Structures are given as structure tokens and as C-alpha cells.
Amino acid sequence: AAPAAPAAAAPRTTKVRYGPYTIPAATQTEHGELPNQIALNVQKPCTNCYITGFKPNLVYADGSTANINTGPMLHHVVFFNSRQDDTVCRGSRRVMSSGNERIESVFPAGYGFRVGSTDRWTLLYDLMNHGHEEKTVYIEFTFTHESVWGSRITPVTPIWMDAGGCATSAWDVEPGQPSTKSRTWTSTISGDLVHMRGHLHHAGIDVLTTNKTTGQVLCRSVAEEGGTPEFIDHHGNTEISNMPTCSGTPLGRINRGDTLEITANYRATDHSHHGVMGIMVGWVAED
């Protein structure tokens with residue numbers, strides 16, 4: 001008799017907390033902040049697995065959501081794999097990230113990025129506090145994943161498109177006029193782009209990535225501010241509450257040598273905004 005085909009890998013959900021982190025209280029003129037802290041060799045949700053989706057959050061010890069209506073803000077969080085080189089810039093590979101929008105990413109069925117047994121994850125995080133008393137919080141990610149054994153998943157490679165460039169992600173926006181910033185990257189890989197997610201700061205309008213070689217807009221994410229009460233602080237100030245993701249099989253084709261361009265659009269009304277960002281992370285099924 002012919003040997004039986006291996007059983008398909010069973011999907012799993014794993015929730016991982018990082019922390020605790022205590023954010024200083026805001027003053028009368030400045031937010032409290034833990035700026036760009038680094039944690040080495042942090043916990044992975046699994047090994048020899050494919051991550052097929054993730055949902056970021058910031059929570060208190062009891063599991064309730066910590067957002068700007070009670071003070072804390074997930075300014076940004078980035079996971080690096082120190083055992084692999086980044087696809088776009090020099091340094092460790094950036095595999096996923098989020099800002100305070102905390103949007104869930106779900107890859108199309110049959111796709112995921114691999115986590116190997118020797119991979120080492122580094123966590124870069126920046127946390128802020130709108131409230132006038134210190135807050136202790138945890139960064140929390142809920143991962144969906146499955147084992148590589150018996151899996152039919154097609155692996156994907158992350159690409160980090162950053163309007164600020166490789167040296168720094170941040171720039172300033174002056175009040176009273178629109179502000180647009182773009183950056184190009186010549187692709188070093190070929191494959192199908194299957195998922196993208198965007199990140200902007202307060203006063204951001206939208207961010208998009210275009211394949212300039214083919215003329216195709218690969219993904220455009222339009223920002224929403226203050227869409228629900230937890231994204232409005234005690235002064236009535238709003239933060240980004242939604243940045244819709246793009247998924248497709250594929251969203252578009254990328255060939256080695258194609259020029260990809262990211263463009264971030266802002267409009268500051270009554271005051272300048274310092275250190276804004278325009279980022280899109282995509283995942284490509286390489287040929």
C-alpha cells in the first residue's frame with residue numbers, strides 16, 4: 001500500500017505578553033515616554049512554525065486594554081530577527097510591527113512567515129503616556145501559527161517600506177499646509193506580494209506603496225482618527241484608530257529590479273508635528 005500523506009498542520013493561537021513596562025506620567029507640557037527601548041532575545045510564540053497572522057495590543061495586568069483614554073499609547077513596536085538580514089536596509093530583519101492603531105494582520109490562506117529554531121527575536125518599543133500618573137502596561141501579541149511539519153504553507157519574506165529611509169523613520173510636519181514624503185527602493189527579490197499594513201501618526205492622511213516600474217498601486221491605507229472612545233484622550237485629542245490592511249493572492253507582482261515607492265501624506269492644521277512616520281510592511285512569496 002502507498003504511504004499515507006502527512007496530515008495537515010493544525011492551526012494554533014498563542015498570546016504572548018512582553019513587560020511589564022512602567023511609563024512615566026505626563027507633565028503639563030510633555031507626554032510621559034519610554035523612548036525606543038530594546039529587549040534582546042524575547043519570547044517567540046513558536047519555533048519551526050509559520051506565523052499566519054498577528055494582533056497587537058497594549059494591556060494592563062488584568063488584561064484590559066490600555067489606550068490613550070486612560071493614558072498609555074503604543075507609539076510603536078518592532079520585532080527583529082537577529083539571525084537574518086533585512087530585505088530593504090542593512091541590519092537585522094524587521095519581521096513585523098505596529099503603532100497605536102493596533103490593526104490585526106491576517107495573511108491569505110496558505111501563506112505565513114517562518115520562525116526557525118535558531119531565530120532570535122529583538123523587541124524595539126516606544127511607549128507614551130497621556131495621563132498625569134505613571135502607568136504599568138504589557139505589550140501583548142496574539143499570534144496564529146502552525147507547525148512546519150505537514151504544513152502546506154507558502155513562506156513569505158517581509159519588506160519594510162519607509163518614507164523616512166533607512167537612517168531614520170522620522171521627520172517633522174509644519175502646520176497650515178499639506179506634507180508629502182516619498183522614498184523609493186529597487187527590489188532585490190521577485191515574487192507575489194500578498195499582504196501589506198501601514199503606519200502613520202496623528203494628522204496622517206494616507207500611505208501607499210506603488211510599483212513605479214509597472215504603474216500599479218500595490219496598497220493604499222487611509223488613516224482614521226478617534227474612531228472609538230479609547231482613541232480619544234482626556235483633553236479631547238485623537239490618535240490614529242484604524243489603518244486598513246491590504247491582502248490578495250496576489251496584491252501585485254514584484255520583480256527583481258522593479259522600483260517600489262512609498263508615499264506618506266500628512267496635513268497639520270494648528271500646530272507642527274515632530275517625529276512623524278510613514279511606514280508600510282509587506283510580505284512577498286518569493287519565487
# chains A, B, ... in the order shown; residues from 1 in each chain; ligands from 1
call {"tool": "residues_around", "arguments": {"residues": "A:Gly275", "least_positions_apart": "5", "cutoff": "9 Å", "atoms": "only C-alpha atoms", "output": "PyMOL selection string"}}
result
chain A and resi 169-173+201
call {"tool": "write_last_selection", "arguments": {"atoms": "C-alpha atoms", "output": "mmCIF file, in the first residue's frame"}}
result
data_model
loop_
_atom_site.group_PDB
_atom_site.id
_atom_site.type_symbol
_atom_site.label_atom_id
_atom_site.label_comp_id
_atom_site.auth_asym_id
_atom_site.auth_seq_id
_atom_site.Cartn_x
_atom_site.Cartn_y
_atom_site.Cartn_z
ATOM 1 C CA SER A 169 11.990 56.854 10.053
ATOM 2 C CA ALA A 170 11.007 60.256 11.445
ATOM 3 C CA TRP A 171 10.547 63.762 10.061
ATOM 4 C CA ASP A 172 8.646 66.945 11.010
ATOM 5 C CA VAL A 173 5.431 68.345 9.533
ATOM 6 C CA HIS A 201 0.972 59.308 13.182
#
call {"tool": "residues_around", "arguments": {"residues": "stretch 152-158 of chain A", "least_positions_apart": "6", "cutoff": "6 Å", "atoms": "only C-alpha atoms", "output": "list in words"}}
result
Val95, Gly110, Tyr111, Gly112, Phe113, Gly282, Trp283, Val284 and Ala285 of chain A
call {"tool": "residues_around", "arguments": {"residues": "stretch 206-209 of chain A", "least_positions_apart": "2", "cutoff": "10 Å", "atoms": "only C-alpha atoms", "output": "PyMOL selection string"}}
result
chain A and resi 161-163+180-184+196-200+203-204+211-212+216-224+243+260-266+277-282
call {"tool": "closest_residue", "arguments": {"among": "A:Thr142, A:Val59, A:Thr228, A:Ala268", "to": "A:Pro178", "atoms": "only C-alpha atoms"}}
result
A:Ala268
call {"tool": "residues_around", "arguments": {"residues": "A:Pro250", "least_positions_apart": "4", "cutoff": "7 Å", "atoms": "only C-alpha atoms", "output": "JSON, numbers by chain"}}
result
{"A": [192, 193, 194]}
call {"tool": "write_last_selection", "arguments": {"atoms": "C-alpha atoms", "output": "PDB file, in the first residue's frame"}}
result
ATOM      1  CA  ASP A 192       3.951  37.842  -5.305  1.00  0.00           C
ATOM      2  CA  LEU A 193       3.065  40.473  -2.692  1.00  0.00           C
ATOM      3  CA  VAL A 194       0.215  39.005  -0.599  1.00  0.00           C
TER       4      VAL A 194
END
call {"tool": "closest_atom_pairs", "arguments": {"of": "stretch 84-190 of chain A", "to": "stretch 49-57 of chain A", "cutoff": "7 Å", "atoms": "only C-alpha atoms", "output": "tab-separated table"}}
result
residue	atom	partner	partner_atom	distance
A:Ser98	CA	A:Pro56	CA	6.8
A:Arg102	CA	A:Pro56	CA	5.2
A:Ile103	CA	A:Lys55	CA	6.5
A:Glu104	CA	A:Lys55	CA	4.2
A:Ser105	CA	A:Gly53	CA	5.3
A:Val106	CA	A:Gly53	CA	4.3
A:Phe107	CA	A:Thr52	CA	5.6
A:Tyr111	CA	A:Thr52	CA	6.4
A:Gly112	CA	A:Thr52	CA	4.4
A:Phe113	CA	A:Tyr50	CA	5.2
A:Arg114	CA	A:Tyr50	CA	4.4
A:Val115	CA	A:Cys49	CA	5.4
A:Gly116	CA	A:Cys49	CA	6.9
A:Ile139	CA	A:Asn57	CA	6.1
A:Glu140	CA	A:Asn57	CA	5.1
A:Phe141	CA	A:Pro56	CA	4.5
A:Thr142	CA	A:Lys55	CA	5.1
A:Phe143	CA	A:Phe54	CA	4.4
A:Thr144	CA	A:Gly53	CA	5.1
A:His145	CA	A:Ile51	CA	4.3
A:Glu146	CA	A:Cys49	CA	5.4
A:Ser147	CA	A:Cys49	CA	4.2
A:Val148	CA	A:Cys49	CA	4.9
